[in-house]
Amino acid sequence: MLEVEALEVGYGGIRAVKGIGLTVRDGELVTLIGANGAGKTTTLKALSGLLRPSAGRVRYNDRDITGLPAHELVKSGIALVPEGRGVFARLTIEENLAMGAYIRRDPDVAADYNRAYTLFPRLAERRKQLAGTLSGGEQQMLAIARALMSRPKLLLLDEPSMGLAPLMVQKIFETIKAVAAEGVTLLLVEQNAKLALELCSRGYVMESGMIVLADDADSLLRNPQVRHAYLGE
Ligand SMILES: Nc1ncnc2c1ncn2[C@@H]1O[C@H](COP(=O)(O)OP(=O)(O)OP(=O)(O)O)[C@@H](O)[C@H]1O
Ligand SMILES: [Mg+2]
């Protein structure tokens, strides 16, 4: 579904992503782990069209999408749940969901609000509440629900567990699992390497802008290097 080749992304003269390659197959759950500053967010921003790659190629469903802007990519089925949620604080939950659906003109949108509220009953109870007044966990739920309103085929998630208490992290991961079970393909960036590798079937390890390891999630969980650097052992 997604094929990334020799992708380079930079900020001015600084190269943050230095020629990485990765693939995600249709229906797969793939994780990208790595330390702070490794280039994970930069990668997801390039894949979702928020940053233009300086080199390399991105193919999505056999189409070259390198450098296409975010609104084009959303239309083709790629949605990002950004790091730090990025909810519209002064809009209500319902309005945030509407923003997620703004590219759609089909009559199924109404049903998708219900799907979002079924997946996240906490959002349903609070639908008229301003997003800025939600708890961190609720904002994360809203960020995921908003992304789902575009009916993505490929969902890019950037650190959904960040800053959340263990119980809320569990809840968020359960919903991510439920989303995947509906057939949405996932590329998940996570600091919590253990959780990510337990959820996903394959993983990539990123260091200083490069992919240094790529393997099945089970093998990565057993890999001494990974255990030492990312699992605190
Ligand atoms: N807007 C920016 N301008 C300049 N440099 C940036 C910018 N955003 C990120 N960088 C740099 O790019 C590199 C990769 O950052 P990135 O945010 O992609 O890392 P990350 O792997 O997501 O880290 P974290 O786990 O802390 O979220 C870092 O060295 C960072 O300082
Ligand atoms: Mg990041």
# chains A, B, ... in the order shown; residues from 1 in each chain; ligands from 1

$ select_by_dssp --residues "stretch 12-48 of chain A" --states "helix (DSSP H, G or I)" --output "short mmCIF file (atom, residue, chain, number, x, y, z; two decimals) with N, CA and C atoms, in the first residue's frame"
data_model
loop_
_atom_site.label_atom_id
_atom_site.label_comp_id
_atom_site.auth_asym_id
_atom_site.auth_seq_id
_atom_site.Cartn_x
_atom_site.Cartn_y
_atom_site.Cartn_z
N LYS A 40 11.05 10.71 13.52
CA LYS A 40 9.79 9.99 13.34
C LYS A 40 8.66 10.93 12.90
N THR A 41 8.52 12.03 13.63
CA THR A 41 7.46 13.00 13.29
C THR A 41 7.71 13.60 11.92
N THR A 42 8.95 13.91 11.63
CA THR A 42 9.31 14.47 10.32
C THR A 42 8.89 13.49 9.22
N THR A 43 9.12 12.20 9.44
CA THR A 43 8.72 11.18 8.47
C THR A 43 7.21 11.20 8.25
N LEU A 44 6.45 11.18 9.35
CA LEU A 44 4.98 11.16 9.22
C LEU A 44 4.47 12.44 8.56
N LYS A 45 5.12 13.56 8.87
CA LYS A 45 4.69 14.82 8.25
C LYS A 45 4.92 14.78 6.74
N ALA A 46 6.02 14.17 6.33
CA ALA A 46 6.28 14.07 4.89
C ALA A 46 5.28 13.11 4.24
N LEU A 47 4.97 12.02 4.93
CA LEU A 47 4.04 11.03 4.35
C LEU A 47 2.62 11.56 4.27
#

$ residues_near_ligand --ligand "ligand 1" --cutoff "10 Å" --atoms "only C-alpha atoms and all ligand atoms" --output "number ranges by chain"
A: 9-17, 32-46, 51, 83-84, 158-159, 162, 189-191, 206-209

$ write_last_selection --atoms "C-alpha atoms" --output "PDB file, in the first residue's frame"
ATOM      1  CA  VAL A   9      13.292  15.476   4.549  1.00  0.00           C
ATOM      2  CA  GLY A  10      14.955  18.546   5.986  1.00  0.00           C
ATOM      3  CA  TYR A  11      14.390  21.870   7.642  1.00  0.00           C
ATOM      4  CA  GLY A  12      16.373  24.514   5.780  1.00  0.00           C
ATOM      5  CA  GLY A  13      19.832  23.055   5.513  1.00  0.00           C
ATOM      6  CA  ILE A  14      19.339  20.439   8.233  1.00  0.00           C
ATOM      7  CA  ARG A  15      18.536  16.912   7.093  1.00  0.00           C
ATOM      8  CA  ALA A  16      16.251  15.298   9.660  1.00  0.00           C
ATOM      9  CA  VAL A  17      15.387  12.208   7.574  1.00  0.00           C
ATOM     10  CA  LEU A  32       8.169   3.129  13.729  1.00  0.00           C
ATOM     11  CA  ILE A  33      10.054   3.478  16.992  1.00  0.00           C
ATOM     12  CA  GLY A  34      13.070   5.526  17.957  1.00  0.00           C
ATOM     13  CA  ALA A  35      14.471   7.985  20.457  1.00  0.00           C
ATOM     14  CA  ASN A  36      13.630  11.687  20.725  1.00  0.00           C
ATOM     15  CA  GLY A  37      14.763  13.593  17.666  1.00  0.00           C
ATOM     16  CA  ALA A  38      15.234  10.479  15.525  1.00  0.00           C
ATOM     17  CA  GLY A  39      13.030  11.902  12.771  1.00  0.00           C
ATOM     18  CA  LYS A  40       9.787   9.987  13.337  1.00  0.00           C
ATOM     19  CA  THR A  41       7.462  12.995  13.292  1.00  0.00           C
ATOM     20  CA  THR A  42       9.307  14.468  10.324  1.00  0.00           C
ATOM     21  CA  THR A  43       8.718  11.179   8.469  1.00  0.00           C
ATOM     22  CA  LEU A  44       4.984  11.159   9.218  1.00  0.00           C
ATOM     23  CA  LYS A  45       4.687  14.823   8.245  1.00  0.00           C
ATOM     24  CA  ALA A  46       6.284  14.067   4.893  1.00  0.00           C
ATOM     25  CA  LEU A  51       6.389  18.651   4.640  1.00  0.00           C
ATOM     26  CA  GLU A  83       1.807  14.480  17.722  1.00  0.00           C
ATOM     27  CA  GLY A  84       0.279  16.536  20.532  1.00  0.00           C
ATOM     28  CA  ASP A 158       2.143  10.010  15.990  1.00  0.00           C
ATOM     29  CA  GLU A 159       2.671   9.135  19.664  1.00  0.00           C
ATOM     30  CA  MET A 162       2.176  10.560  24.934  1.00  0.00           C
ATOM     31  CA  VAL A 189       4.960   6.072  15.773  1.00  0.00           C
ATOM     32  CA  GLU A 190       5.437   5.383  19.466  1.00  0.00           C
ATOM     33  CA  GLN A 191       7.771   6.108  22.368  1.00  0.00           C
ATOM     34  CA  MET A 206      14.924   4.874  13.536  1.00  0.00           C
ATOM     35  CA  GLU A 207      18.079   6.583  14.790  1.00  0.00           C
ATOM     36  CA  SER A 208      19.417   9.985  13.729  1.00  0.00           C
ATOM     37  CA  GLY A 209      17.291  10.152  10.608  1.00  0.00           C
TER      38      GLY A 209
END

$ residues_around --residues "A:Leu91" --least-positions-apart "4" --cutoff "10 Å" --atoms "only C-alpha atoms" --output "short mmCIF file (atom, residue, chain, number, x, y, z; two decimals) with C-alpha atoms, in the first residue's frame"
data_model
loop_
_atom_site.label_atom_id
_atom_site.label_comp_id
_atom_site.auth_asym_id
_atom_site.auth_seq_id
_atom_site.Cartn_x
_atom_site.Cartn_y
_atom_site.Cartn_z
CA VAL A 87 -7.41 19.54 18.24
CA GLU A 95 -17.17 20.84 15.17
CA ASN A 96 -13.78 19.15 15.37
CA LEU A 97 -15.30 16.02 13.85
CA MET A 99 -13.42 19.53 10.29
CA LYS A 128 -21.00 20.28 22.74
CA GLN A 129 -17.94 20.74 24.95
CA LEU A 130 -15.03 22.86 23.69
CA ALA A 131 -12.11 20.64 22.74
CA GLY A 132 -9.67 22.84 24.67
#

$ closest_residue --among "A:Arg227, A:Glu233, A:Arg104, A:Arg85" --to "ligand 2" --atoms "only C-alpha atoms and all ligand atoms"
A:Arg85

$ residues_around --residues "stretch 109-126 of chain A" --least-positions-apart "4" --cutoff "9 Å" --atoms "only C-alpha atoms" --output "list in words"
Thr92, Ile93, Glu94, Leu97, Ala98, Ala101, Arg104, Arg105, Leu130, Leu134, Glu138, Met141, Leu142, Ala145, Arg146, Leu148, Met149, Ser150, Arg151, Thr175, Ala178 and Val179 of chain A

$ write_last_selection --atoms "C-alpha atoms" --output "PDB file, in the first residue's frame"
ATOM      1  CA  THR A  92     -16.625  21.804  20.127  1.00  0.00           C
ATOM      2  CA  ILE A  93     -16.090  18.072  19.758  1.00  0.00           C
ATOM      3  CA  GLU A  94     -18.775  17.967  17.103  1.00  0.00           C
ATOM      4  CA  LEU A  97     -15.300  16.017  13.850  1.00  0.00           C
ATOM      5  CA  ALA A  98     -16.890  18.143  11.115  1.00  0.00           C
ATOM      6  CA  ALA A 101     -14.977  15.386   7.290  1.00  0.00           C
ATOM      7  CA  ARG A 104     -16.459  14.763   2.046  1.00  0.00           C
ATOM      8  CA  ARG A 105     -19.701  15.454   0.255  1.00  0.00           C
ATOM      9  CA  LEU A 130     -15.034  22.863  23.689  1.00  0.00           C
ATOM     10  CA  LEU A 134     -11.081  18.146  27.400  1.00  0.00           C
ATOM     11  CA  GLU A 138     -10.155  12.802  25.666  1.00  0.00           C
ATOM     12  CA  MET A 141      -9.636  10.241  21.411  1.00  0.00           C
ATOM     13  CA  LEU A 142     -10.929  13.290  19.555  1.00  0.00           C
ATOM     14  CA  ALA A 145     -11.975  10.279  15.813  1.00  0.00           C
ATOM     15  CA  ARG A 146     -11.400  13.414  13.731  1.00  0.00           C
ATOM     16  CA  LEU A 148     -11.378   8.727  11.037  1.00  0.00           C
ATOM     17  CA  MET A 149     -14.006  11.187   9.739  1.00  0.00           C
ATOM     18  CA  SER A 150     -12.091  11.362   6.448  1.00  0.00           C
ATOM     19  CA  ARG A 151     -12.558   7.580   6.096  1.00  0.00           C
ATOM     20  CA  THR A 175      -9.542   1.698  20.223  1.00  0.00           C
ATOM     21  CA  ALA A 178     -10.680  -1.701  17.007  1.00  0.00           C
ATOM     22  CA  VAL A 179      -9.936   0.720  14.171  1.00  0.00           C
TER      23      VAL A 179
END

$ residues_around --residues "A:Leu29" --least-positions-apart "2" --cutoff "7 Å" --atoms "only C-alpha atoms" --output "number ranges by chain"
A: 27, 31, 185-187, 200-202

$ residues_around --residues "A:Leu68" --least-positions-apart "6" --cutoff "12 Å" --atoms "only C-alpha atoms" --output "NGL selection string"
:A and (45-53 or 57-60 or 74-76 or 78)

$ write_last_selection --atoms "C-alpha atoms" --output "tab-separated table (two decimals), in the first residue's frame"
chain	number	residue	atom	x	y	z
A	45	LYS	CA	4.69	14.82	8.25
A	46	ALA	CA	6.28	14.07	4.89
A	47	LEU	CA	4.04	11.03	4.35
A	48	SER	CA	0.93	13.10	5.09
A	49	GLY	CA	1.97	16.00	2.88
A	50	LEU	CA	2.71	18.55	5.60
A	51	LEU	CA	6.39	18.65	4.64
A	52	ARG	CA	7.83	18.29	1.15
A	53	PRO	CA	10.57	15.68	0.84
A	57	ARG	CA	9.95	8.64	-3.60
A	58	VAL	CA	6.65	7.75	-1.94
A	59	ARG	CA	4.24	5.41	-3.66
A	60	TYR	CA	0.74	4.76	-2.38
A	74	VAL	CA	-6.48	13.07	2.67
A	75	LYS	CA	-8.68	12.68	-0.41
A	76	SER	CA	-6.75	9.60	-1.44
A	78	ILE	CA	-4.20	8.99	4.12

$ residues_around --residues "A:Lys177" --least-positions-apart "5" --cutoff "9 Å" --atoms "only C-alpha atoms" --output "JSON, numbers by chain"
{"A": [172, 182, 199]}

$ write_last_selection --atoms "C-alpha atoms" --output "PDB file, in the first residue's frame"
ATOM      1  CA  ILE A 172      -6.435   4.389  23.455  1.00  0.00           C
ATOM      2  CA  GLU A 182     -12.250  -2.490  10.679  1.00  0.00           C
ATOM      3  CA  LEU A 199       0.177  -4.333  18.823  1.00  0.00           C
TER       4      LEU A 199
END

$ select_by_dssp --residues "stretch 51-133 of chain A" --states "strand (DSSP E or B)" --output "NGL selection string"
:A and (55-60 or 63-64 or 78-81 or 92 or 130)

$ closest_residue --among "A:Met210, A:Met168, A:Ala181, A:Ala217" --to "A:Gly137" --atoms "only C-alpha atoms"
A:Met168

$ closest_residue --among "A:Leu220, A:Leu188, A:Ala55, A:Ile103" --to "A:Leu156" --atoms "only C-alpha atoms"
A:Leu188

$ closest_residue --among "A:Ile20, A:Ala143, A:Val205, A:Leu157" --to "ligand 2" --atoms "only C-alpha atoms and all ligand atoms"
A:Leu157

$ closest_residue --among "A:Gly136, A:Pro224, A:Gly203, A:Pro152" --to "A:Thr23" --atoms "only C-alpha atoms"
A:Gly203

$ closest_residue --among "A:Asp62, A:Val81, A:Gly232, A:Leu167" --to "ligand 2" --atoms "only C-alpha atoms and all ligand atoms"
A:Val81
